[in-house]
$ cat model16.cif   # mmCIF, C-alpha atoms
data_work
#
loop_
_atom_site.group_PDB
_atom_site.id
_atom_site.type_symbol
_atom_site.label_atom_id
_atom_site.label_comp_id
_atom_site.auth_asym_id
_atom_site.auth_seq_id
_atom_site.Cartn_x
_atom_site.Cartn_y
_atom_site.Cartn_z
ATOM 1 C CA MET E 16 -4.013 -11.531 10.678
ATOM 2 C CA ALA E 17 -5.722 -9.910 7.667
ATOM 3 C CA GLN E 18 -8.488 -12.509 7.838
ATOM 4 C CA GLU E 19 -9.076 -11.794 11.546
ATOM 5 C CA PHE E 20 -9.005 -8.031 10.929
ATOM 6 C CA VAL E 21 -11.653 -8.245 8.171
ATOM 7 C CA ASN E 22 -13.843 -10.875 9.828
ATOM 8 C CA CYS E 23 -14.092 -9.019 13.142
ATOM 9 C CA LYS E 24 -15.384 -5.928 11.303
ATOM 10 C CA ILE E 25 -18.101 -7.673 9.240
ATOM 11 C CA GLN E 26 -21.203 -8.189 11.379
ATOM 12 C CA PRO E 27 -24.886 -8.875 10.779
ATOM 13 C CA GLY E 28 -26.945 -5.725 11.322
ATOM 14 C CA LYS E 29 -24.115 -3.351 10.418
ATOM 15 C CA VAL E 30 -22.854 -1.679 7.236
ATOM 16 C CA VAL E 31 -19.084 -1.844 6.845
ATOM 17 C CA VAL E 32 -17.045 -0.363 4.005
ATOM 18 C CA PHE E 33 -13.360 -1.120 3.504
ATOM 19 C CA ILE E 34 -11.662 1.955 2.028
ATOM 20 C CA LYS E 35 -8.419 3.747 1.215
ATOM 21 C CA PRO E 36 -8.645 7.488 2.017
ATOM 22 C CA THR E 37 -7.030 8.570 -1.272
ATOM 23 C CA CYS E 38 -9.397 6.555 -3.490
ATOM 24 C CA PRO E 39 -12.014 8.686 -5.339
ATOM 25 C CA TYR E 40 -14.507 5.787 -5.415
ATOM 26 C CA CYS E 41 -14.150 5.390 -1.664
ATOM 27 C CA LYS E 42 -14.833 9.111 -1.200
ATOM 28 C CA ARG E 43 -17.956 8.859 -3.394
ATOM 29 C CA THR E 44 -19.153 5.860 -1.375
ATOM 30 C CA GLN E 45 -18.569 7.731 1.901
ATOM 31 C CA GLU E 46 -20.499 10.761 0.582
ATOM 32 C CA LEU E 47 -23.454 8.660 -0.530
ATOM 33 C CA LEU E 48 -23.719 6.636 2.685
ATOM 34 C CA GLY E 49 -22.972 9.727 4.791
ATOM 35 C CA GLN E 50 -26.194 11.344 3.524
ATOM 36 C CA LEU E 51 -28.333 8.544 4.964
ATOM 37 C CA PRO E 52 -29.702 8.627 8.530
ATOM 38 C CA PHE E 53 -27.803 5.670 10.009
ATOM 39 C CA LYS E 54 -28.295 4.783 13.669
ATOM 40 C CA GLN E 55 -25.229 5.501 15.807
ATOM 41 C CA GLY E 56 -22.491 2.899 15.352
ATOM 42 C CA LEU E 57 -24.134 0.939 12.525
ATOM 43 C CA LEU E 58 -22.061 2.403 9.676
ATOM 44 C CA GLU E 59 -18.308 1.945 9.745
ATOM 45 C CA PHE E 60 -15.626 2.943 7.266
ATOM 46 C CA VAL E 61 -12.494 0.852 7.742
ATOM 47 C CA ASP E 62 -9.294 2.424 6.397
ATOM 48 C CA ILE E 63 -7.205 -0.554 5.298
ATOM 49 C CA THR E 64 -4.095 1.638 4.908
ATOM 50 C CA ALA E 65 -4.097 2.135 8.691
ATOM 51 C CA THR E 66 -2.938 -1.478 9.020
ATOM 52 C CA ASN E 67 0.585 -2.612 8.238
ATOM 53 C CA ASN E 68 -0.744 -5.272 5.909
ATOM 54 C CA THR E 69 -2.852 -3.475 3.294
ATOM 55 C CA GLU E 70 -1.869 -5.975 0.592
ATOM 56 C CA GLU E 71 -2.849 -8.974 2.726
ATOM 57 C CA VAL E 72 -6.185 -7.343 3.598
ATOM 58 C CA GLN E 73 -6.891 -6.781 -0.108
ATOM 59 C CA ASP E 74 -5.865 -10.362 -0.915
ATOM 60 C CA TYR E 75 -8.269 -11.664 1.731
ATOM 61 C CA LEU E 76 -11.062 -9.392 0.435
ATOM 62 C CA LYS E 77 -10.480 -10.915 -3.011
ATOM 63 C CA GLN E 78 -10.731 -14.401 -1.544
ATOM 64 C CA LEU E 79 -13.922 -13.419 0.304
ATOM 65 C CA THR E 80 -15.669 -11.292 -2.347
ATOM 66 C CA GLY E 81 -14.028 -12.012 -5.697
ATOM 67 C CA ALA E 82 -12.400 -8.557 -5.941
ATOM 68 C CA ARG E 83 -9.516 -6.910 -4.124
ATOM 69 C CA THR E 84 -10.423 -3.339 -5.115
ATOM 70 C CA VAL E 85 -11.822 -0.838 -2.636
ATOM 71 C CA PRO E 86 -14.326 0.192 -1.597
ATOM 72 C CA ARG E 87 -15.784 -3.182 -0.615
ATOM 73 C CA VAL E 88 -19.288 -2.577 0.767
ATOM 74 C CA PHE E 89 -20.825 -5.063 3.192
ATOM 75 C CA LEU E 90 -24.501 -4.943 4.137
ATOM 76 C CA GLY E 91 -24.342 -7.178 7.157
ATOM 77 C CA THR E 92 -22.271 -10.184 6.124
ATOM 78 C CA GLU E 93 -23.027 -9.830 2.399
ATOM 79 C CA CYS E 94 -20.662 -7.950 0.104
ATOM 80 C CA ILE E 95 -22.682 -6.035 -2.494
ATOM 81 C CA GLY E 96 -19.553 -4.940 -4.385
ATOM 82 C CA GLY E 97 -18.003 -1.514 -4.734
ATOM 83 C CA CYS E 98 -18.978 2.059 -5.526
ATOM 84 C CA SER E 99 -20.754 1.428 -8.853
ATOM 85 C CA GLU E 100 -22.896 -1.353 -7.365
ATOM 86 C CA LEU E 101 -23.767 0.868 -4.388
ATOM 87 C CA VAL E 102 -24.715 3.812 -6.635
ATOM 88 C CA SER E 103 -26.836 1.600 -8.865
ATOM 89 C CA MET E 104 -28.615 0.063 -5.839
ATOM 90 C CA HIS E 105 -29.226 3.572 -4.506
ATOM 91 C CA GLN E 106 -30.658 4.797 -7.819
ATOM 92 C CA SER E 107 -32.999 1.812 -8.097
ATOM 93 C CA GLY E 108 -34.289 2.262 -4.523
ATOM 94 C CA GLN E 109 -32.890 -1.148 -3.532
ATOM 95 C CA LEU E 110 -30.329 0.308 -1.120
ATOM 96 C CA LEU E 111 -32.845 2.130 1.088
ATOM 97 C CA MET E 112 -35.114 -0.905 1.067
ATOM 98 C CA ARG E 113 -32.272 -3.217 2.190
ATOM 99 C CA LEU E 114 -31.063 -0.766 4.857
ATOM 100 C CA LYS E 115 -34.617 -0.430 6.232
ATOM 101 C CA GLN E 116 -34.971 -4.232 6.315
ATOM 102 C CA MET E 117 -31.686 -4.431 8.231
ATOM 103 C CA GLY E 118 -32.944 -1.828 10.726
ATOM 104 C CA VAL E 119 -29.824 0.331 10.511
ATOM 105 C CA LEU E 120 -31.573 3.620 9.680
ATOM 106 C CA GLN E 121 -33.138 6.029 12.182
#

$ encode --input "model16.cif" --output "structure tokens"
Amino acid sequence: MAQEFVNCKIQPGKVVVFIKPTCPYCKRTQELLGQLPFKQGLLEFVDITATNNTEEVQDYLKQLTGARTVPRVFLGTECIGGCSELVSMHQSGQLLMRLKQMGVLQ
């Protein structure tokens, strides 16, 4: 069930972030991405605590990405990591370049 839940969220041409609402790194990630002009529906924050199987979801994320910590940031089907990787991509200009290539910004 966790595998289905995660896999149906991750899609090419969309940015998906798996989060827990109480996590400070998740909040930072939401703030950073929230400042960018995403097209409607192409940025999604998925609260894994809203499911009854948070642990299983994190275990599957570990299997998929090598880490079970949140946030897990997916640009399309590729996981770029968590908050620190996102911030460093943003600072280097890589993030905007990738998002423009994906066509998710207005």

$ atom_distance --input "model16.cif" --atom1 "CA of Gln106 (chain E)" --atom2 "CA of Leu120 (chain E)"
17.6 Å

$ resolve_selection --input "model16.cif" --expression "the PyMOL selection byres ((chain E and resi 18-21) around 12)" --output "JSON, numbers by chain"
{"E": [16, 17, 22, 23, 24, 25, 26, 31, 32, 33, 34, 60, 61, 62, 63, 65, 66, 67, 68, 69, 70, 71, 72, 73, 74, 75, 76, 77, 78, 79, 80, 87, 89, 92]}

$ closest_residue --input "model16.cif" --among "E:Leu48, E:Cys41, E:Leu58, E:Ile95" --to "Gly28 (chain E)" --atoms "all atoms listed in the file"
E:Leu58

$ closest_residue --input "model16.cif" --among "E:Cys98, E:Met104, E:Leu111, E:Val119" --to "Glu46 (chain E)" --atoms "only C-alpha atoms"
E:Cys98

$ atom_distance --input "model16.cif" --atom1 "CA of Pro52 (chain E)" --atom2 "CA of Ala82 (chain E)"
28.4 Å

$ atom_distance --input "model16.cif" --atom1 "CA of Gly118 (chain E)" --atom2 "CA of Tyr40 (chain E)"
25.7 Å

$ closest_residue --input "model16.cif" --among "E:Val85, E:Leu101, E:Leu51, E:Leu90" --to "Val30 (chain E)" --atoms "only C-alpha atoms"
E:Leu90

$ axis_aligned_box --input "model16.cif" --around "region 60-71 of chain E" --padding-each-side "3 Å" --output "JSON"
{"center_x": -7.5, "center_y": -3.0, "center_z": 4.8, "size_x": 22.2, "size_y": 17.9, "size_z": 14.4}

$ closest_residue --input "model16.cif" --among "E:Val88, E:Leu47, E:Leu57, E:Cys38" --to "Met117 (chain E)" --atoms "all atoms listed in the file"
E:Leu57

$ closest_residue --input "model16.cif" --among "E:Thr37, E:Pro27, E:Gly49, E:Thr44" --to "Glu100 (chain E)" --atoms "all atoms listed in the file"
E:Thr44
